[in-house]
Amino acid sequence: MRTHLNVRTFAGRKTCGRAGFTLMELLAVLTIILIVVGLLSAALNQTKNRTMRVSCLDNMRQLKLAWLMYAQDYNDHIALNKSVLINDTMGIAAAPRNSTNSWVAGNPKEDRTPDNLEHGTLYPYVKHPEVYRCPMDNSTTRAGNYRWRSYSMDAYLGGDDEDLDPRVKMRLSDIINPDKVFVFIEEHENSVWLSGFSVLPREKSGSNTGMWSSTPSDRHMQGCNLSFADGHLEYWKWNAPKKGNLTKNLLISSPNELRDLRRLQDAVPRP
């Protein structure tokens, strides 16, 4: 009788153990769930980022078409990309903003409204302020509101110093290698934001050194979108992240950073 009771008690314990979960089993299940949620979240973020990058490319495609249509309508002359000229103690100087007869006016760090986009010579071909801003650009103006523009134009295209620098081109047909010359680029929110995106040419820097005049954006998975003078678009992934205002660092010491600069130096008009 005593033996029979012991067997029943042991069997009852065994059945009870099978019906529940140990603490280690629960922790293992919870860990698996967290891993799956993390993977799904990462996949969703990547999908969202790709979607925004495609939307940004579409914006740049519309600006590219507007730029080409303008040249067709104005006898091969490309849209101006000029600086506002001001008088200071040293004489006439260029202010860091676009003139009212340029593709856009003003400076995105200062503009509180889309008025300076609408005053630009390309706006009649676009007619939508949101086209000038990347959907991933969360930067703000000095006043604290969202910026209206994320894109800049190559400073050598329709830019300043047309009579002094042979790289500056004023007609579409003057661009020797249009498939290699960028027109629009995403500029970093912490860049200096001159009237155009400025790239110091190779001949003005040493063979193993260089400087950023304007800083490209890296908001798209450490890369940015560019449009080219022949009409095509490209996504460029940078070798080095673009943190802060790189123009504060006069000389580039990082080999990866220097490779990024060289790539852009090869994408400006030839003299």
# chains A, B, ... in the order shown; residues from 1 in each chain; ligands from 1
call {"tool": "residues_around", "arguments": {"residues": "A:Leu264", "least_positions_apart": "6", "cutoff": "10 Å", "atoms": "only C-alpha atoms", "output": "PyMOL selection string"}}
result
chain A and resi 180-182+199-202+216
call {"tool": "residues_around", "arguments": {"residues": "A:Asn81", "least_positions_apart": "3", "cutoff": "10 Å", "atoms": "only C-alpha atoms", "output": "MDAnalysis selection string"}}
result
chainID A and resid 78 97:105 120:121 152:160 170 195:197
call {"tool": "select_by_dssp", "arguments": {"residues": "stretch 37-241 of chain A", "states": "strand (DSSP E or B)", "output": "ChimeraX atom specification"}}
result
/A:77,83-88,91-98,106,140,146,151-154,157,169,171,182-187,197,216,223-228,233-237
call {"tool": "write_last_selection", "arguments": {"atoms": "C-alpha atoms", "output": "short mmCIF file (atom, residue, chain, number, x, y, z; two decimals), in the first residue's frame"}}
result
data_model
loop_
_atom_site.label_atom_id
_atom_site.label_comp_id
_atom_site.auth_asym_id
_atom_site.auth_seq_id
_atom_site.Cartn_x
_atom_site.Cartn_y
_atom_site.Cartn_z
CA HIS A 77 21.74 78.59 -71.54
CA SER A 83 25.54 84.58 -55.39
CA VAL A 84 24.02 87.77 -54.03
CA LEU A 85 26.64 90.52 -54.25
CA ILE A 86 27.05 92.83 -51.27
CA ASN A 87 29.24 95.82 -50.48
CA ASP A 88 31.47 95.46 -47.43
CA GLY A 91 34.54 96.03 -51.60
CA ILE A 92 32.03 93.82 -53.42
CA ALA A 93 31.75 90.29 -52.00
CA ALA A 94 29.53 87.23 -52.53
CA ALA A 95 26.99 86.49 -49.81
CA PRO A 96 26.15 82.85 -48.94
CA ARG A 97 22.78 82.95 -50.69
CA ASN A 98 21.44 82.72 -54.22
CA GLY A 106 18.02 82.84 -50.71
CA THR A 140 15.76 73.15 -39.32
CA TYR A 146 11.84 72.82 -41.09
CA TYR A 151 19.53 70.04 -52.66
CA SER A 152 22.29 72.22 -54.08
CA MET A 153 23.57 72.79 -57.59
CA ASP A 154 27.18 72.40 -58.70
CA LEU A 157 27.23 75.33 -63.49
CA LYS A 169 29.91 76.65 -67.72
CA ARG A 171 25.66 76.63 -71.71
CA PHE A 182 26.95 66.28 -61.46
CA VAL A 183 24.28 68.99 -61.42
CA PHE A 184 22.28 68.48 -58.20
CA ILE A 185 23.53 66.93 -54.98
CA GLU A 186 22.18 66.51 -51.46
CA GLU A 187 24.12 68.89 -49.24
CA PHE A 197 27.90 73.27 -53.95
CA PRO A 216 27.75 66.25 -49.13
CA GLY A 223 25.34 58.07 -49.03
CA CYS A 224 23.41 60.58 -51.12
CA ASN A 225 21.73 61.06 -54.50
CA LEU A 226 23.16 63.01 -57.41
CA SER A 227 21.87 64.00 -60.86
CA PHE A 228 24.13 64.43 -63.88
CA LEU A 233 20.75 59.81 -61.60
CA GLU A 234 23.10 57.97 -59.25
CA TYR A 235 23.28 56.97 -55.60
CA TRP A 236 26.75 57.31 -54.09
CA LYS A 237 27.70 55.54 -50.87
#
call {"tool": "select_by_dssp", "arguments": {"residues": "stretch 10-250 of chain A", "states": "alpha helix (DSSP H)", "output": "PyMOL selection string"}}
result
chain A and resi 10-19+23-73+115-118+123-126
call {"tool": "closest_residue", "arguments": {"among": "A:Asn138, A:Asn145, A:Thr209, A:Asn239", "to": "A:Asn190", "atoms": "only C-alpha atoms"}}
result
A:Asn138
call {"tool": "decode", "arguments": {"residues": "stretch 145-183 of chain A", "atoms": "N, CA and C atoms", "output": "PDB file, in the first residue's frame"}}
result
ATOM      1  N   ASN A 145      12.289  76.274 -37.691  1.00  0.00           N
ATOM      2  CA  ASN A 145      11.303  75.546 -38.488  1.00  0.00           C
ATOM      3  C   ASN A 145      11.999  74.690 -39.540  1.00  0.00           C
ATOM      4  N   TYR A 146      11.258  73.729 -40.111  1.00  0.00           N
ATOM      5  CA  TYR A 146      11.839  72.821 -41.092  1.00  0.00           C
ATOM      6  C   TYR A 146      12.368  73.588 -42.300  1.00  0.00           C
ATOM      7  N   ARG A 147      13.491  73.114 -42.809  1.00  0.00           N
ATOM      8  CA  ARG A 147      14.048  73.740 -44.007  1.00  0.00           C
ATOM      9  C   ARG A 147      13.223  73.359 -45.226  1.00  0.00           C
ATOM     10  N   TRP A 148      13.270  74.248 -46.217  1.00  0.00           N
ATOM     11  CA  TRP A 148      12.527  74.024 -47.444  1.00  0.00           C
ATOM     12  C   TRP A 148      13.372  73.394 -48.531  1.00  0.00           C
ATOM     13  N   ARG A 149      14.686  73.315 -48.323  1.00  0.00           N
ATOM     14  CA  ARG A 149      15.530  72.801 -49.412  1.00  0.00           C
ATOM     15  C   ARG A 149      16.638  71.909 -48.869  1.00  0.00           C
ATOM     16  N   SER A 150      16.849  70.764 -49.561  1.00  0.00           N
ATOM     17  CA  SER A 150      17.915  69.812 -49.212  1.00  0.00           C
ATOM     18  C   SER A 150      18.970  69.713 -50.300  1.00  0.00           C
ATOM     19  N   TYR A 151      18.669  70.258 -51.492  1.00  0.00           N
ATOM     20  CA  TYR A 151      19.526  70.039 -52.656  1.00  0.00           C
ATOM     21  C   TYR A 151      20.261  71.318 -53.050  1.00  0.00           C
ATOM     22  N   SER A 152      21.477  71.118 -53.553  1.00  0.00           N
ATOM     23  CA  SER A 152      22.286  72.221 -54.080  1.00  0.00           C
ATOM     24  C   SER A 152      22.691  71.903 -55.505  1.00  0.00           C
ATOM     25  N   MET A 153      23.085  72.958 -56.232  1.00  0.00           N
ATOM     26  CA  MET A 153      23.570  72.787 -57.590  1.00  0.00           C
ATOM     27  C   MET A 153      25.075  73.017 -57.624  1.00  0.00           C
ATOM     28  N   ASP A 154      25.748  72.255 -58.482  1.00  0.00           N
ATOM     29  CA  ASP A 154      27.184  72.395 -58.704  1.00  0.00           C
ATOM     30  C   ASP A 154      27.527  73.863 -58.935  1.00  0.00           C
ATOM     31  N   ALA A 155      28.437  74.401 -58.129  1.00  0.00           N
ATOM     32  CA  ALA A 155      28.794  75.816 -58.218  1.00  0.00           C
ATOM     33  C   ALA A 155      29.439  76.192 -59.543  1.00  0.00           C
ATOM     34  N   TYR A 156      29.929  75.205 -60.301  1.00  0.00           N
ATOM     35  CA  TYR A 156      30.551  75.483 -61.596  1.00  0.00           C
ATOM     36  C   TYR A 156      29.528  75.584 -62.723  1.00  0.00           C
ATOM     37  N   LEU A 157      28.270  75.296 -62.458  1.00  0.00           N
ATOM     38  CA  LEU A 157      27.234  75.335 -63.487  1.00  0.00           C
ATOM     39  C   LEU A 157      26.382  76.584 -63.301  1.00  0.00           C
ATOM     40  N   GLY A 158      26.547  77.537 -64.217  1.00  0.00           N
ATOM     41  CA  GLY A 158      25.808  78.792 -64.132  1.00  0.00           C
ATOM     42  C   GLY A 158      26.202  79.633 -62.942  1.00  0.00           C
ATOM     43  N   GLY A 159      27.390  79.365 -62.371  1.00  0.00           N
ATOM     44  CA  GLY A 159      27.797  80.008 -61.133  1.00  0.00           C
ATOM     45  C   GLY A 159      28.604  81.278 -61.304  1.00  0.00           C
ATOM     46  N   ASP A 160      29.234  81.681 -60.219  1.00  0.00           N
ATOM     47  CA  ASP A 160      30.043  82.903 -60.200  1.00  0.00           C
ATOM     48  C   ASP A 160      31.357  82.695 -60.967  1.00  0.00           C
ATOM     49  N   ASP A 161      32.046  83.794 -61.224  1.00  0.00           N
ATOM     50  CA  ASP A 161      33.391  83.784 -61.825  1.00  0.00           C
ATOM     51  C   ASP A 161      33.412  83.161 -63.216  1.00  0.00           C
ATOM     52  N   GLU A 162      32.352  83.368 -63.987  1.00  0.00           N
ATOM     53  CA  GLU A 162      32.321  82.789 -65.337  1.00  0.00           C
ATOM     54  C   GLU A 162      33.429  83.340 -66.235  1.00  0.00           C
ATOM     55  N   ASP A 163      33.878  84.570 -65.977  1.00  0.00           N
ATOM     56  CA  ASP A 163      34.942  85.167 -66.793  1.00  0.00           C
ATOM     57  C   ASP A 163      36.335  84.907 -66.229  1.00  0.00           C
ATOM     58  N   LEU A 164      36.388  84.306 -65.038  1.00  0.00           N
ATOM     59  CA  LEU A 164      37.672  84.087 -64.376  1.00  0.00           C
ATOM     60  C   LEU A 164      38.055  82.618 -64.286  1.00  0.00           C
ATOM     61  N   ASP A 165      37.099  81.738 -64.243  1.00  0.00           N
ATOM     62  CA  ASP A 165      37.363  80.311 -64.069  1.00  0.00           C
ATOM     63  C   ASP A 165      36.812  79.537 -65.260  1.00  0.00           C
ATOM     64  N   PRO A 166      37.671  78.891 -66.068  1.00  0.00           N
ATOM     65  CA  PRO A 166      37.185  78.155 -67.247  1.00  0.00           C
ATOM     66  C   PRO A 166      36.325  76.941 -66.904  1.00  0.00           C
ATOM     67  N   ARG A 167      36.318  76.526 -65.651  1.00  0.00           N
ATOM     68  CA  ARG A 167      35.448  75.413 -65.262  1.00  0.00           C
ATOM     69  C   ARG A 167      33.977  75.822 -65.218  1.00  0.00           C
ATOM     70  N   VAL A 168      33.704  77.102 -65.017  1.00  0.00           N
ATOM     71  CA  VAL A 168      32.324  77.574 -64.914  1.00  0.00           C
ATOM     72  C   VAL A 168      31.684  77.543 -66.303  1.00  0.00           C
ATOM     73  N   LYS A 169      30.598  76.809 -66.426  1.00  0.00           N
ATOM     74  CA  LYS A 169      29.913  76.645 -67.716  1.00  0.00           C
ATOM     75  C   LYS A 169      28.558  77.349 -67.663  1.00  0.00           C
ATOM     76  N   MET A 170      28.229  78.045 -68.776  1.00  0.00           N
ATOM     77  CA  MET A 170      26.974  78.781 -68.850  1.00  0.00           C
ATOM     78  C   MET A 170      26.007  78.193 -69.872  1.00  0.00           C
ATOM     79  N   ARG A 171      26.503  77.298 -70.708  1.00  0.00           N
ATOM     80  CA  ARG A 171      25.663  76.633 -71.707  1.00  0.00           C
ATOM     81  C   ARG A 171      25.769  75.121 -71.542  1.00  0.00           C
ATOM     82  N   LEU A 172      24.700  74.433 -71.859  1.00  0.00           N
ATOM     83  CA  LEU A 172      24.687  72.977 -71.750  1.00  0.00           C
ATOM     84  C   LEU A 172      25.715  72.354 -72.678  1.00  0.00           C
ATOM     85  N   SER A 173      25.868  72.903 -73.882  1.00  0.00           N
ATOM     86  CA  SER A 173      26.806  72.352 -74.859  1.00  0.00           C
ATOM     87  C   SER A 173      28.264  72.592 -74.481  1.00  0.00           C
ATOM     88  N   ASP A 174      28.520  73.454 -73.512  1.00  0.00           N
ATOM     89  CA  ASP A 174      29.896  73.713 -73.071  1.00  0.00           C
ATOM     90  C   ASP A 174      30.428  72.612 -72.150  1.00  0.00           C
ATOM     91  N   ILE A 175      29.531  71.770 -71.648  1.00  0.00           N
ATOM     92  CA  ILE A 175      29.945  70.699 -70.735  1.00  0.00           C
ATOM     93  C   ILE A 175      30.480  69.545 -71.588  1.00  0.00           C
ATOM     94  N   ILE A 176      31.777  69.291 -71.489  1.00  0.00           N
ATOM     95  CA  ILE A 176      32.436  68.325 -72.373  1.00  0.00           C
ATOM     96  C   ILE A 176      31.988  66.898 -72.087  1.00  0.00           C
ATOM     97  N   ASN A 177      31.894  66.553 -70.833  1.00  0.00           N
ATOM     98  CA  ASN A 177      31.549  65.176 -70.440  1.00  0.00           C
ATOM     99  C   ASN A 177      30.308  65.176 -69.548  1.00  0.00           C
ATOM    100  N   PRO A 178      29.123  65.416 -70.128  1.00  0.00           N
ATOM    101  CA  PRO A 178      27.907  65.558 -69.315  1.00  0.00           C
ATOM    102  C   PRO A 178      27.542  64.322 -68.501  1.00  0.00           C
ATOM    103  N   ASP A 179      27.965  63.142 -68.921  1.00  0.00           N
ATOM    104  CA  ASP A 179      27.644  61.936 -68.157  1.00  0.00           C
ATOM    105  C   ASP A 179      28.492  61.814 -66.895  1.00  0.00           C
ATOM    106  N   LYS A 180      29.524  62.652 -66.767  1.00  0.00           N
ATOM    107  CA  LYS A 180      30.428  62.598 -65.607  1.00  0.00           C
ATOM    108  C   LYS A 180      30.280  63.817 -64.694  1.00  0.00           C
ATOM    109  N   VAL A 181      29.521  64.818 -65.113  1.00  0.00           N
ATOM    110  CA  VAL A 181      29.412  66.071 -64.353  1.00  0.00           C
ATOM    111  C   VAL A 181      28.101  66.097 -63.580  1.00  0.00           C
ATOM    112  N   PHE A 182      28.174  66.227 -62.259  1.00  0.00           N
ATOM    113  CA  PHE A 182      26.953  66.277 -61.464  1.00  0.00           C
ATOM    114  C   PHE A 182      26.340  67.681 -61.523  1.00  0.00           C
ATOM    115  N   VAL A 183      25.017  67.724 -61.435  1.00  0.00           N
ATOM    116  CA  VAL A 183      24.283  68.992 -61.420  1.00  0.00           C
ATOM    117  C   VAL A 183      23.731  69.248 -60.023  1.00  0.00           C
TER     118      VAL A 183
END
